[in-house]
file entry17.pdb (PDB, C-alpha atoms and all ligand atoms)
ATOM      1  CA  MET A   1     -23.579  -4.589  13.185
ATOM      2  CA  LEU A   2     -20.862  -6.943  14.372
ATOM      3  CA  PRO A   3     -21.445 -10.552  13.317
ATOM      4  CA  VAL A   4     -20.799 -12.165  16.693
ATOM      5  CA  ASP A   5     -22.223 -15.603  15.923
ATOM      6  CA  ALA A   6     -19.275 -17.751  15.043
ATOM      7  CA  PRO A   7     -19.946 -20.550  12.557
ATOM      8  CA  GLN A   8     -19.539 -24.216  13.490
ATOM      9  CA  GLY A   9     -15.958 -25.343  12.864
ATOM     10  CA  PRO A  10     -13.037 -23.243  11.654
ATOM     11  CA  GLY A  11     -14.087 -19.817  10.416
ATOM     12  CA  LEU A  12     -13.299 -17.975   7.222
ATOM     13  CA  ALA A  13      -9.772 -16.725   6.608
ATOM     14  CA  VAL A  14      -8.744 -14.108   4.054
ATOM     15  CA  VAL A  15      -5.109 -13.828   2.979
ATOM     16  CA  THR A  16      -4.007 -10.974   0.726
ATOM     17  CA  GLY A  17      -1.238 -11.446  -1.836
ATOM     18  CA  ALA A  18      -1.699 -15.182  -1.449
ATOM     19  CA  ASN A  19      -0.819 -16.481  -4.910
ATOM     20  CA  ARG A  20       2.833 -17.066  -3.974
ATOM     21  CA  GLY A  21       5.404 -16.785  -1.225
ATOM     22  CA  LEU A  22       4.473 -16.480   2.421
ATOM     23  CA  GLY A  23       0.846 -15.613   1.666
ATOM     24  CA  LEU A  24       0.395 -18.904  -0.198
ATOM     25  CA  GLY A  25       2.205 -20.767   2.574
ATOM     26  CA  VAL A  26      -0.108 -19.333   5.232
ATOM     27  CA  LEU A  27      -3.182 -19.962   3.109
ATOM     28  CA  ARG A  28      -2.172 -23.569   2.454
ATOM     29  CA  ARG A  29      -1.747 -24.266   6.175
ATOM     30  CA  LEU A  30      -5.090 -22.701   7.038
ATOM     31  CA  ALA A  31      -6.816 -24.702   4.298
ATOM     32  CA  GLU A  32      -5.186 -27.891   5.587
ATOM     33  CA  ARG A  33      -6.608 -27.135   9.030
ATOM     34  CA  GLY A  34     -10.074 -27.003   7.539
ATOM     35  CA  HIS A  35     -10.633 -23.260   7.346
ATOM     36  CA  PRO A  36     -12.557 -22.024   4.349
ATOM     37  CA  VAL A  37     -10.038 -19.604   2.817
ATOM     38  CA  VAL A  38     -10.133 -16.703   0.404
ATOM     39  CA  LEU A  39      -7.022 -16.406  -1.728
ATOM     40  CA  GLY A  40      -6.658 -12.738  -2.641
ATOM     41  CA  ALA A  41      -4.652 -12.274  -5.841
ATOM     42  CA  ARG A  42      -4.387  -9.314  -8.156
ATOM     43  CA  ASP A  43      -4.077 -11.779 -11.048
ATOM     44  CA  VAL A  44      -6.885 -14.321 -10.671
ATOM     45  CA  GLU A  45      -5.271 -16.774 -13.107
ATOM     46  CA  LYS A  46      -2.129 -16.883 -10.962
ATOM     47  CA  GLY A  47      -4.358 -17.354  -7.940
ATOM     48  CA  ARG A  48      -6.174 -20.299  -9.540
ATOM     49  CA  GLU A  49      -2.898 -21.989 -10.414
ATOM     50  CA  ALA A  50      -1.671 -21.492  -6.848
ATOM     51  CA  ALA A  51      -4.906 -22.904  -5.395
ATOM     52  CA  GLU A  52      -4.752 -26.118  -7.405
ATOM     53  CA  GLY A  53      -5.174 -29.154  -5.191
ATOM     54  CA  LEU A  54      -6.283 -27.166  -2.152
ATOM     55  CA  GLY A  55      -9.736 -27.769  -0.713
ATOM     56  CA  ASN A  56     -12.258 -25.069   0.210
ATOM     57  CA  VAL A  57     -10.399 -22.182  -1.425
ATOM     58  CA  HIS A  58     -12.128 -19.304  -3.121
ATOM     59  CA  VAL A  59      -9.858 -17.276  -5.373
ATOM     60  CA  HIS A  60     -10.847 -13.607  -5.436
ATOM     61  CA  GLU A  61      -9.453 -10.739  -7.462
ATOM     62  CA  LEU A  62      -7.775  -8.397  -5.000
ATOM     63  CA  ASP A  63      -5.536  -5.417  -5.606
ATOM     64  CA  VAL A  64      -5.161  -3.794  -2.211
ATOM     65  CA  THR A  65      -4.410  -0.406  -3.786
ATOM     66  CA  ARG A  66      -7.874  -0.275  -5.396
ATOM     67  CA  GLN A  67     -10.899   0.598  -3.281
ATOM     68  CA  ASP A  68     -13.343  -1.078  -5.685
ATOM     69  CA  SER A  69     -11.327  -4.291  -5.546
ATOM     70  CA  VAL A  70     -11.180  -4.347  -1.736
ATOM     71  CA  ASP A  71     -14.891  -3.495  -1.496
ATOM     72  CA  GLY A  72     -15.654  -6.325  -3.930
ATOM     73  CA  LEU A  73     -13.878  -8.808  -1.688
ATOM     74  CA  ALA A  74     -15.702  -7.564   1.423
ATOM     75  CA  ALA A  75     -19.047  -7.804  -0.389
ATOM     76  CA  TRP A  76     -18.290 -11.390  -1.418
ATOM     77  CA  VAL A  77     -17.431 -12.337   2.180
ATOM     78  CA  ARG A  78     -20.618 -10.692   3.461
ATOM     79  CA  GLU A  79     -22.796 -12.485   0.938
ATOM     80  CA  HIS A  80     -21.240 -15.944   1.201
ATOM     81  CA  HIS A  81     -20.033 -16.195   4.807
ATOM     82  CA  GLY A  82     -21.516 -13.258   6.734
ATOM     83  CA  GLY A  83     -18.308 -12.725   8.679
ATOM     84  CA  LEU A  84     -14.615 -13.315   9.001
ATOM     85  CA  GLU A  85     -12.371 -14.950  11.611
ATOM     86  CA  ILE A  86      -8.868 -14.338  10.237
ATOM     87  CA  LEU A  87      -7.512 -11.533   8.073
ATOM     88  CA  VAL A  88      -3.849 -11.746   7.061
ATOM     89  CA  ASN A  89      -2.653  -8.507   5.474
ATOM     90  CA  ASN A  90       0.301 -10.017   3.666
ATOM     91  CA  ALA A  91       0.440  -8.322   0.241
ATOM     92  CA  ALA A  92       3.519  -6.180  -0.193
ATOM     93  CA  VAL A  93       6.085  -4.926  -2.662
ATOM     94  CA  HIS A  94       9.813  -4.611  -2.239
ATOM     95  CA  TYR A  95      12.320  -3.571  -4.892
ATOM     96  CA  ASP A  96      15.784  -4.696  -5.784
ATOM     97  CA  THR A  97      17.501  -1.347  -6.044
ATOM     98  CA  PHE A  98      19.210  -0.374  -2.839
ATOM     99  CA  GLN A  99      18.854   3.355  -2.208
ATOM    100  CA  THR A 100      19.456   6.061   0.333
ATOM    101  CA  ALA A 101      16.562   8.061   1.738
ATOM    102  CA  ILE A 102      18.089  11.273   0.418
ATOM    103  CA  GLY A 103      18.567   9.819  -3.047
ATOM    104  CA  ALA A 104      15.396   7.773  -3.235
ATOM    105  CA  ASP A 105      13.088   7.459  -6.204
ATOM    106  CA  LEU A 106       9.878   8.750  -4.627
ATOM    107  CA  ALA A 107       7.743   6.849  -7.130
ATOM    108  CA  ILE A 108       9.036   3.706  -5.415
ATOM    109  CA  ALA A 109       8.243   5.200  -2.021
ATOM    110  CA  GLU A 110       4.701   6.018  -3.138
ATOM    111  CA  GLU A 111       4.154   2.473  -4.344
ATOM    112  CA  ALA A 112       5.549   0.965  -1.149
ATOM    113  CA  LEU A 113       3.256   3.102   0.977
ATOM    114  CA  ALA A 114       0.261   2.449  -1.308
ATOM    115  CA  VAL A 115       0.611  -1.330  -1.125
ATOM    116  CA  ASN A 116       2.356  -2.105   2.152
ATOM    117  CA  THR A 117       0.710   0.464   4.404
ATOM    118  CA  LEU A 118      -2.482   1.791   2.832
ATOM    119  CA  GLY A 119      -3.313  -1.617   1.363
ATOM    120  CA  ALA A 120      -3.507  -3.214   4.801
ATOM    121  CA  TRP A 121      -5.358  -0.170   6.146
ATOM    122  CA  ARG A 122      -7.906  -0.156   3.311
ATOM    123  CA  THR A 123      -8.527  -3.898   3.584
ATOM    124  CA  THR A 124      -9.016  -3.816   7.353
ATOM    125  CA  VAL A 125     -11.376  -0.849   7.190
ATOM    126  CA  ALA A 126     -13.418  -2.502   4.433
ATOM    127  CA  CYS A 127     -13.682  -5.710   6.472
ATOM    128  CA  GLN A 128     -14.249  -4.139   9.887
ATOM    129  CA  ASP A 129     -17.949  -4.963  10.126
ATOM    130  CA  LEU A 130     -17.243  -8.532   9.094
ATOM    131  CA  LEU A 131     -14.735  -9.280  11.846
ATOM    132  CA  ARG A 132     -16.272 -11.647  14.360
ATOM    133  CA  ARG A 133     -15.626 -11.378  18.087
ATOM    134  CA  GLY A 134     -12.280 -13.080  18.676
ATOM    135  CA  ALA A 135     -11.139 -12.433  15.090
ATOM    136  CA  ARG A 136      -7.438 -11.973  14.435
ATOM    137  CA  VAL A 137      -6.002  -9.401  12.058
ATOM    138  CA  VAL A 138      -2.343 -10.087  11.273
ATOM    139  CA  ASN A 139      -0.286  -7.416   9.561
ATOM    140  CA  VAL A 140       2.758  -9.011   7.980
ATOM    141  CA  SER A 141       5.456  -6.483   8.713
ATOM    142  CA  SER A 142       9.239  -6.582   8.727
ATOM    143  CA  GLY A 143      12.188  -5.938  10.981
ATOM    144  CA  SER A 144      13.255  -3.536   8.209
ATOM    145  CA  GLY A 145      10.701  -1.107   9.659
ATOM    146  CA  SER A 146      11.936  -1.458  13.232
ATOM    147  CA  PHE A 147      13.590   1.588  14.817
ATOM    148  CA  GLY A 148      15.292  -0.783  17.229
ATOM    149  CA  GLU A 149      16.776  -3.026  14.559
ATOM    150  CA  THR A 150      17.994  -0.463  12.021
ATOM    151  CA  ASP A 151      21.475   1.012  11.879
ATOM    152  CA  GLY A 152      19.951   3.870   9.908
ATOM    153  CA  ALA A 153      22.109   3.511   6.836
ATOM    154  CA  GLY A 154      21.213   2.688   3.225
ATOM    155  CA  GLY A 155      19.122  -0.349   2.471
ATOM    156  CA  THR A 156      15.589  -0.003   1.275
ATOM    157  CA  PRO A 157      14.183   3.154   2.891
ATOM    158  CA  ALA A 158      10.841   3.183   1.063
ATOM    159  CA  TYR A 159      10.108  -0.368   2.189
ATOM    160  CA  ALA A 160      11.361   0.346   5.724
ATOM    161  CA  VAL A 161       9.207   3.470   6.076
ATOM    162  CA  SER A 162       6.142   1.657   4.753
ATOM    163  CA  LYS A 163       6.602  -1.126   7.310
ATOM    164  CA  ALA A 164       7.260   1.279  10.197
ATOM    165  CA  ALA A 165       3.981   2.996   9.277
ATOM    166  CA  LEU A 166       2.268  -0.393   9.149
ATOM    167  CA  ASP A 167       3.476  -1.020  12.699
ATOM    168  CA  MET A 168       1.937   2.224  13.956
ATOM    169  CA  LEU A 169      -1.231   1.377  12.058
ATOM    170  CA  THR A 170      -1.268  -1.943  13.904
ATOM    171  CA  VAL A 171      -1.163  -0.195  17.283
ATOM    172  CA  LYS A 172      -3.941   2.210  16.283
ATOM    173  CA  LEU A 173      -6.204  -0.494  14.858
ATOM    174  CA  ALA A 174      -5.592  -2.707  17.885
ATOM    175  CA  ALA A 175      -6.816   0.093  20.169
ATOM    176  CA  ASP A 176      -9.855   0.759  17.973
ATOM    177  CA  LEU A 177     -10.889  -2.884  17.677
ATOM    178  CA  ARG A 178     -10.028  -4.068  21.189
ATOM    179  CA  ARG A 179     -13.499  -3.374  22.576
ATOM    180  CA  ARG A 180     -14.988  -5.477  19.795
ATOM    181  CA  GLY A 181     -12.806  -8.398  20.872
ATOM    182  CA  VAL A 182     -10.673  -8.292  17.718
ATOM    183  CA  LEU A 183      -6.894  -8.784  17.995
ATOM    184  CA  VAL A 184      -4.576  -6.852  15.664
ATOM    185  CA  ASN A 185      -0.883  -7.753  15.673
ATOM    186  CA  ALA A 186       2.161  -7.113  13.504
ATOM    187  CA  VAL A 187       4.516  -9.965  12.716
ATOM    188  CA  CYS A 188       7.926 -10.192  11.082
ATOM    189  CA  PRO A 189       8.379 -13.556   9.348
ATOM    190  CA  GLY A 190      12.166 -13.246   9.432
ATOM    191  CA  TRP A 191      14.285 -13.364   6.298
ATOM    192  CA  VAL A 192      12.587 -16.010   4.184
ATOM    193  CA  ALA A 193      13.549 -17.538   0.848
ATOM    194  CA  THR A 194      10.728 -16.257  -1.369
ATOM    195  CA  ASP A 195      10.783 -14.177  -4.547
ATOM    196  CA  MET A 196      11.041 -11.135  -2.285
ATOM    197  CA  GLY A 197      13.558 -12.549   0.184
ATOM    198  CA  GLY A 198      15.690 -14.229  -2.464
ATOM    199  CA  PRO A 199      17.971 -17.207  -1.936
ATOM    200  CA  GLY A 200      19.684 -17.531   1.402
ATOM    201  CA  GLY A 201      16.668 -16.809   3.546
ATOM    202  CA  ARG A 202      15.242 -19.404   5.909
ATOM    203  CA  PRO A 203      12.739 -22.021   4.729
ATOM    204  CA  LEU A 204       9.222 -20.859   3.908
ATOM    205  CA  ASP A 205       7.659 -22.945   6.666
ATOM    206  CA  GLU A 206       9.587 -21.094   9.366
ATOM    207  CA  GLY A 207       8.300 -17.740   8.117
ATOM    208  CA  VAL A 208       4.794 -19.177   7.919
ATOM    209  CA  ASP A 209       5.070 -20.382  11.525
ATOM    210  CA  SER A 210       6.091 -16.889  12.604
ATOM    211  CA  ILE A 211       2.940 -15.465  11.023
ATOM    212  CA  LEU A 212       0.657 -18.239  12.282
ATOM    213  CA  TRP A 213       1.687 -17.483  15.857
ATOM    214  CA  ALA A 214      -0.521 -14.378  15.671
ATOM    215  CA  VAL A 215      -3.286 -16.275  13.904
ATOM    216  CA  ASP A 216      -3.352 -18.885  16.662
ATOM    217  CA  LEU A 217      -3.740 -16.483  19.587
ATOM    218  CA  PRO A 218      -6.672 -17.174  21.916
ATOM    219  CA  PRO A 219      -9.495 -14.591  21.963
ATOM    220  CA  ASP A 220      -8.057 -13.025  25.142
ATOM    221  CA  GLY A 221      -4.527 -13.027  23.702
ATOM    222  CA  PRO A 222      -2.268 -10.010  23.243
ATOM    223  CA  THR A 223      -3.120  -7.267  20.784
ATOM    224  CA  GLY A 224      -1.051  -4.419  19.365
ATOM    225  CA  THR A 225       2.197  -6.429  19.486
ATOM    226  CA  PHE A 226       5.159  -6.847  17.120
ATOM    227  CA  THR A 227       6.786 -10.283  17.150
ATOM    228  CA  ARG A 228       9.052 -12.640  15.273
ATOM    229  CA  ASP A 229       8.728 -16.350  16.017
ATOM    230  CA  GLY A 230       6.308 -15.476  18.819
ATOM    231  CA  ARG A 231       8.803 -13.256  20.647
ATOM    232  CA  PRO A 232       8.449  -9.475  20.931
ATOM    233  CA  ILE A 233      10.855  -7.416  18.823
ATOM    234  CA  PRO A 234      11.469  -3.674  19.127
ATOM    235  CA  TRP A 235       9.233  -1.286  17.192
TER     236      TRP A 235
HETATM  237  P1  LIG B   1       6.482 -12.095  -2.471
HETATM  238  O1  LIG B   1       7.091 -10.985  -3.258
HETATM  239  O2  LIG B   1       6.949 -13.484  -2.711
HETATM  240  O3  LIG B   1       4.886 -12.059  -2.633
HETATM  241  C1  LIG B   1       4.212 -10.839  -2.504
HETATM  242  C2  LIG B   1       2.746 -11.056  -2.782
HETATM  243  O4  LIG B   1       2.076  -9.788  -2.658
HETATM  244  C3  LIG B   1       2.459 -11.569  -4.205
HETATM  245  O5  LIG B   1       1.383 -12.481  -4.167
HETATM  246  C4  LIG B   1       2.035 -10.308  -4.932
HETATM  247  O6  LIG B   1       1.184 -10.527  -6.040
HETATM  248  C5  LIG B   1       1.271  -9.604  -3.819
HETATM  249  N1  LIG B   1       1.004  -8.193  -4.104
HETATM  250  C6  LIG B   1       1.880  -7.226  -4.437
HETATM  251  N2  LIG B   1       1.235  -6.068  -4.667
HETATM  252  C7  LIG B   1      -0.090  -6.315  -4.464
HETATM  253  C8  LIG B   1      -1.262  -5.542  -4.548
HETATM  254  N3  LIG B   1      -1.242  -4.240  -4.916
HETATM  255  N4  LIG B   1      -2.452  -6.110  -4.246
HETATM  256  C9  LIG B   1      -2.514  -7.416  -3.894
HETATM  257  N5  LIG B   1      -1.437  -8.220  -3.829
HETATM  258  C10 LIG B   1      -0.240  -7.666  -4.108
HETATM  259  O7  LIG B   1       6.699 -11.689  -0.949
HETATM  260  P2  LIG B   1       6.873 -12.592   0.370
HETATM  261  O8  LIG B   1       5.972 -13.739   0.307
HETATM  262  O9  LIG B   1       8.312 -12.779   0.626
HETATM  263  O10 LIG B   1       6.373 -11.555   1.476
HETATM  264  C11 LIG B   1       5.110 -11.678   2.135
HETATM  265  C12 LIG B   1       5.077 -10.678   3.257
HETATM  266  O11 LIG B   1       6.173 -10.904   4.177
HETATM  267  C13 LIG B   1       5.221  -9.221   2.802
HETATM  268  O12 LIG B   1       4.400  -8.389   3.579
HETATM  269  C14 LIG B   1       6.685  -8.919   3.090
HETATM  270  O13 LIG B   1       6.926  -7.546   3.245
HETATM  271  C15 LIG B   1       6.904  -9.692   4.368
HETATM  272  N6  LIG B   1       8.296 -10.009   4.659
HETATM  273  C16 LIG B   1       8.992 -10.880   3.847
HETATM  274  C17 LIG B   1      10.310 -11.163   4.149
HETATM  275  C18 LIG B   1      11.117 -12.130   3.348
HETATM  276  O14 LIG B   1      12.316 -12.326   3.659
HETATM  277  N7  LIG B   1      10.554 -12.781   2.342
HETATM  278  C19 LIG B   1      11.006 -10.529   5.299
HETATM  279  C20 LIG B   1      10.164  -9.658   6.078
HETATM  280  C21 LIG B   1       8.877  -9.422   5.759
HETATM  281  P3  LIG B   1       1.781 -10.726  -7.569
HETATM  282  O15 LIG B   1       2.165 -12.179  -7.679
HETATM  283  O16 LIG B   1       0.627 -10.348  -8.436
HETATM  284  O17 LIG B   1       2.955  -9.814  -7.708
END
call {"tool": "encode", "arguments": {"input": "entry17.pdb", "output": "structure tokens", "more": "lines below"}}
Ligand code: NDP
result
Amino acid sequence: MLPVDAPQGPGLAVVTGANRGLGLGVLRRLAERGHPVVLGARDVEKGREAAEGLGNVHVHELDVTRQDSVDGLAAWVREHHGGLEILVNNAAVHYDTFQTAIGADLAIAEEALAVNTLGAWRTTVACQDLLRRGARVVNVSSGSGSFGETDGAGGTPAYAVSKAALDMLTVKLAADLRRRGVLVNAVCPGWVATDMGGPGGRPLDEGVDSILWAVDLPPDGPTGTFTRDGRPIPW
């Protein structure tokens, strides 16, 4: 049954891959706003270090490629909060080796799909009955997966394919969850200076703002969109 009764005050937020980078930035902002937050980290120790000094944070072991791990998180949310207001599917892997699609190492492609696409899918499915009316699911995607923004050549095809698939997943989940009043949107944070983005990207806060745009949508806001800095970008 859908938990429609929203709690008093800001509701629970779950952020995956939140022990560093953009995930930690988003989590920190939500905690500062008074949301109780769940910091999903595949290494709990790293998660605890990242959560130091933040109020109302629960660090939970979360590897989005493992069903038992995702189910464990959902069970914890059910037991301790009964429902969920914000789910940010942020966890992802990239890789440094530039490749062509024709010459790709398919083990890398499998990992990218397992984490970046199926991870968000698995987490959303596991949490579906927890999502309160008006809840926002934000899939952190990338312009790398955009048909409209690619020139087709080289780059990181496994990552690009995994993000393009995440975008289609976003559209499908948005349609499925619309009647329950749950918004599902994909967001590109832009090129951001994190471990993944490397030096030269824009400041973390700007990427965080791009993601929070979809978190801050009103209950009757758009669903099934793909944006950067709050503006639509091509699929
Ligand atoms: P980082 O590499 O800095 O952080 C990635 C996070 O994902 C880490 O916490 C990592 O955990 C976690 N993670 C990886 N695999 C798993 C897994 N199987 N289960 C759970 N967590 C996992 O990346 P960013 O912060 O830069 O990226 C965040 C999001 O933004 C990603 O979705 C990325 O694709 C997207 N993005 C980033 C851009 C950029 O320029 N930075 C550009 C466009 C999109 P651990 O510490 O254990 O490795």
call {"tool": "axis_aligned_box", "arguments": {"input": "entry17.pdb", "around": "region 163-178 of chain A", "padding_each_side": "3 Å", "output": "JSON"}}
result
{"center_x": -1.8, "center_y": -0.5, "center_z": 14.2, "size_x": 24.1, "size_y": 13.1, "size_z": 19.9}
call {"tool": "resolve_selection", "arguments": {"input": "entry17.pdb", "expression": "the PyMOL selection byres (((chain A and resi 235) around 6) and not hetatm)", "output": "ChimeraX atom specification"}}
result
/A:146-147,234
call {"tool": "resolve_selection", "arguments": {"input": "entry17.pdb", "expression": "the PyMOL selection byres (((not hetatm)) within 6 of (chain B and resi 1))", "output": "mmCIF file with C-alpha atoms, keeping the file's coordinate frame"}}
result
data_model
loop_
_atom_site.group_PDB
_atom_site.id
_atom_site.type_symbol
_atom_site.label_atom_id
_atom_site.label_comp_id
_atom_site.auth_asym_id
_atom_site.auth_seq_id
_atom_site.Cartn_x
_atom_site.Cartn_y
_atom_site.Cartn_z
ATOM 1 C CA THR A 16 -4.007 -10.974 0.726
ATOM 2 C CA GLY A 17 -1.238 -11.446 -1.836
ATOM 3 C CA ALA A 18 -1.699 -15.182 -1.449
ATOM 4 C CA ASN A 19 -0.819 -16.481 -4.910
ATOM 5 C CA ARG A 20 2.833 -17.066 -3.974
ATOM 6 C CA GLY A 21 5.404 -16.785 -1.225
ATOM 7 C CA LEU A 22 4.473 -16.480 2.421
ATOM 8 C CA GLY A 23 0.846 -15.613 1.666
ATOM 9 C CA ALA A 41 -4.652 -12.274 -5.841
ATOM 10 C CA ARG A 42 -4.387 -9.314 -8.156
ATOM 11 C CA ASP A 43 -4.077 -11.779 -11.048
ATOM 12 C CA LEU A 62 -7.775 -8.397 -5.000
ATOM 13 C CA ASP A 63 -5.536 -5.417 -5.606
ATOM 14 C CA VAL A 64 -5.161 -3.794 -2.211
ATOM 15 C CA THR A 65 -4.410 -0.406 -3.786
ATOM 16 C CA ASN A 90 0.301 -10.017 3.666
ATOM 17 C CA ALA A 91 0.440 -8.322 0.241
ATOM 18 C CA ALA A 92 3.519 -6.180 -0.193
ATOM 19 C CA VAL A 93 6.085 -4.926 -2.662
ATOM 20 C CA VAL A 115 0.611 -1.330 -1.125
ATOM 21 C CA VAL A 140 2.758 -9.011 7.980
ATOM 22 C CA SER A 141 5.456 -6.483 8.713
ATOM 23 C CA SER A 142 9.239 -6.582 8.727
ATOM 24 C CA CYS A 188 7.926 -10.192 11.082
ATOM 25 C CA PRO A 189 8.379 -13.556 9.348
ATOM 26 C CA GLY A 190 12.166 -13.246 9.432
ATOM 27 C CA TRP A 191 14.285 -13.364 6.298
ATOM 28 C CA VAL A 192 12.587 -16.010 4.184
ATOM 29 C CA ALA A 193 13.549 -17.538 0.848
ATOM 30 C CA THR A 194 10.728 -16.257 -1.369
ATOM 31 C CA ASP A 195 10.783 -14.177 -4.547
ATOM 32 C CA MET A 196 11.041 -11.135 -2.285
ATOM 33 C CA GLY A 197 13.558 -12.549 0.184
#
call {"tool": "closest_residue", "arguments": {"input": "entry17.pdb", "among": "A:Asp209, A:Asp167, A:Asp220, A:Glu79", "to": "Ala186 (chain A)", "atoms": "all atoms listed in the file"}}
result
A:Asp167
call {"tool": "atom_distance", "arguments": {"input": "entry17.pdb", "atom1": "CA of Arg231 (chain A)", "atom2": "CA of Ala13 (chain A)"}}
result
23.5 Å
call {"tool": "resolve_selection", "arguments": {"input": "entry17.pdb", "expression": "the PyMOL selection byres (((chain A and resi 217) around 12) and not hetatm)", "output": "ChimeraX atom specification"}}
result
/A:85-86,134-138,182-185,211-216,218-223,225,230
call {"tool": "atom_distance", "arguments": {"input": "entry17.pdb", "atom1": "CA of Arg132 (chain A)", "atom2": "CA of Leu87 (chain A)"}}
result
10.8 Å
call {"tool": "atom_distance", "arguments": {"input": "entry17.pdb", "atom1": "CA of Ala109 (chain A)", "atom2": "CA of Gly198 (chain A)"}}
result
20.8 Å
call {"tool": "closest_residue", "arguments": {"input": "entry17.pdb", "among": "A:Ile102, A:Val88, A:Ala174, A:Ala153", "to": "Val187 (chain A)", "atoms": "only C-alpha atoms"}}
result
A:Val88
call {"tool": "residues_around", "arguments": {"input": "entry17.pdb", "residues": "Ala104 (chain A)", "least_positions_apart": "4", "cutoff": "10 Å", "atoms": "all atoms listed in the file", "output": "PyMOL selection string"}}
result
chain A and resi 97-100+108-109+156-158
call {"tool": "residues_around", "arguments": {"input": "entry17.pdb", "residues": "His58 (chain A)", "least_positions_apart": "2", "cutoff": "9 Å", "atoms": "only C-alpha atoms", "output": "list in words"}}
result
Pro36, Val37, Val38, Leu39, Gly40, Arg48, Ala51, Asn56 and His60 of chain A
call {"tool": "closest_residue", "arguments": {"input": "entry17.pdb", "among": "A:Asp96, A:Arg33, A:Tyr159, A:Leu24", "to": "Lys46 (chain A)", "atoms": "only C-alpha atoms"}}
result
A:Leu24
call {"tool": "residues_around", "arguments": {"input": "entry17.pdb", "residues": "Val70 (chain A)", "least_positions_apart": "2", "cutoff": "12 Å", "atoms": "only C-alpha atoms", "output": "JSON, numbers by chain"}}
result
{"A": [14, 16, 40, 41, 42, 60, 61, 62, 63, 64, 65, 66, 67, 68, 72, 73, 74, 75, 76, 77, 89, 118, 119, 120, 121, 122, 123, 124, 125, 126, 127]}
call {"tool": "closest_residue", "arguments": {"input": "entry17.pdb", "among": "A:Ala31, A:Leu177, A:Ala164, A:Ala107", "to": "Asp129 (chain A)", "atoms": "only C-alpha atoms"}}
result
A:Leu177
call {"tool": "closest_residue", "arguments": {"input": "entry17.pdb", "among": "A:Gly145, A:Arg28, A:Leu131, A:Gly34", "to": "Ala50 (chain A)", "atoms": "only C-alpha atoms"}}
result
A:Arg28
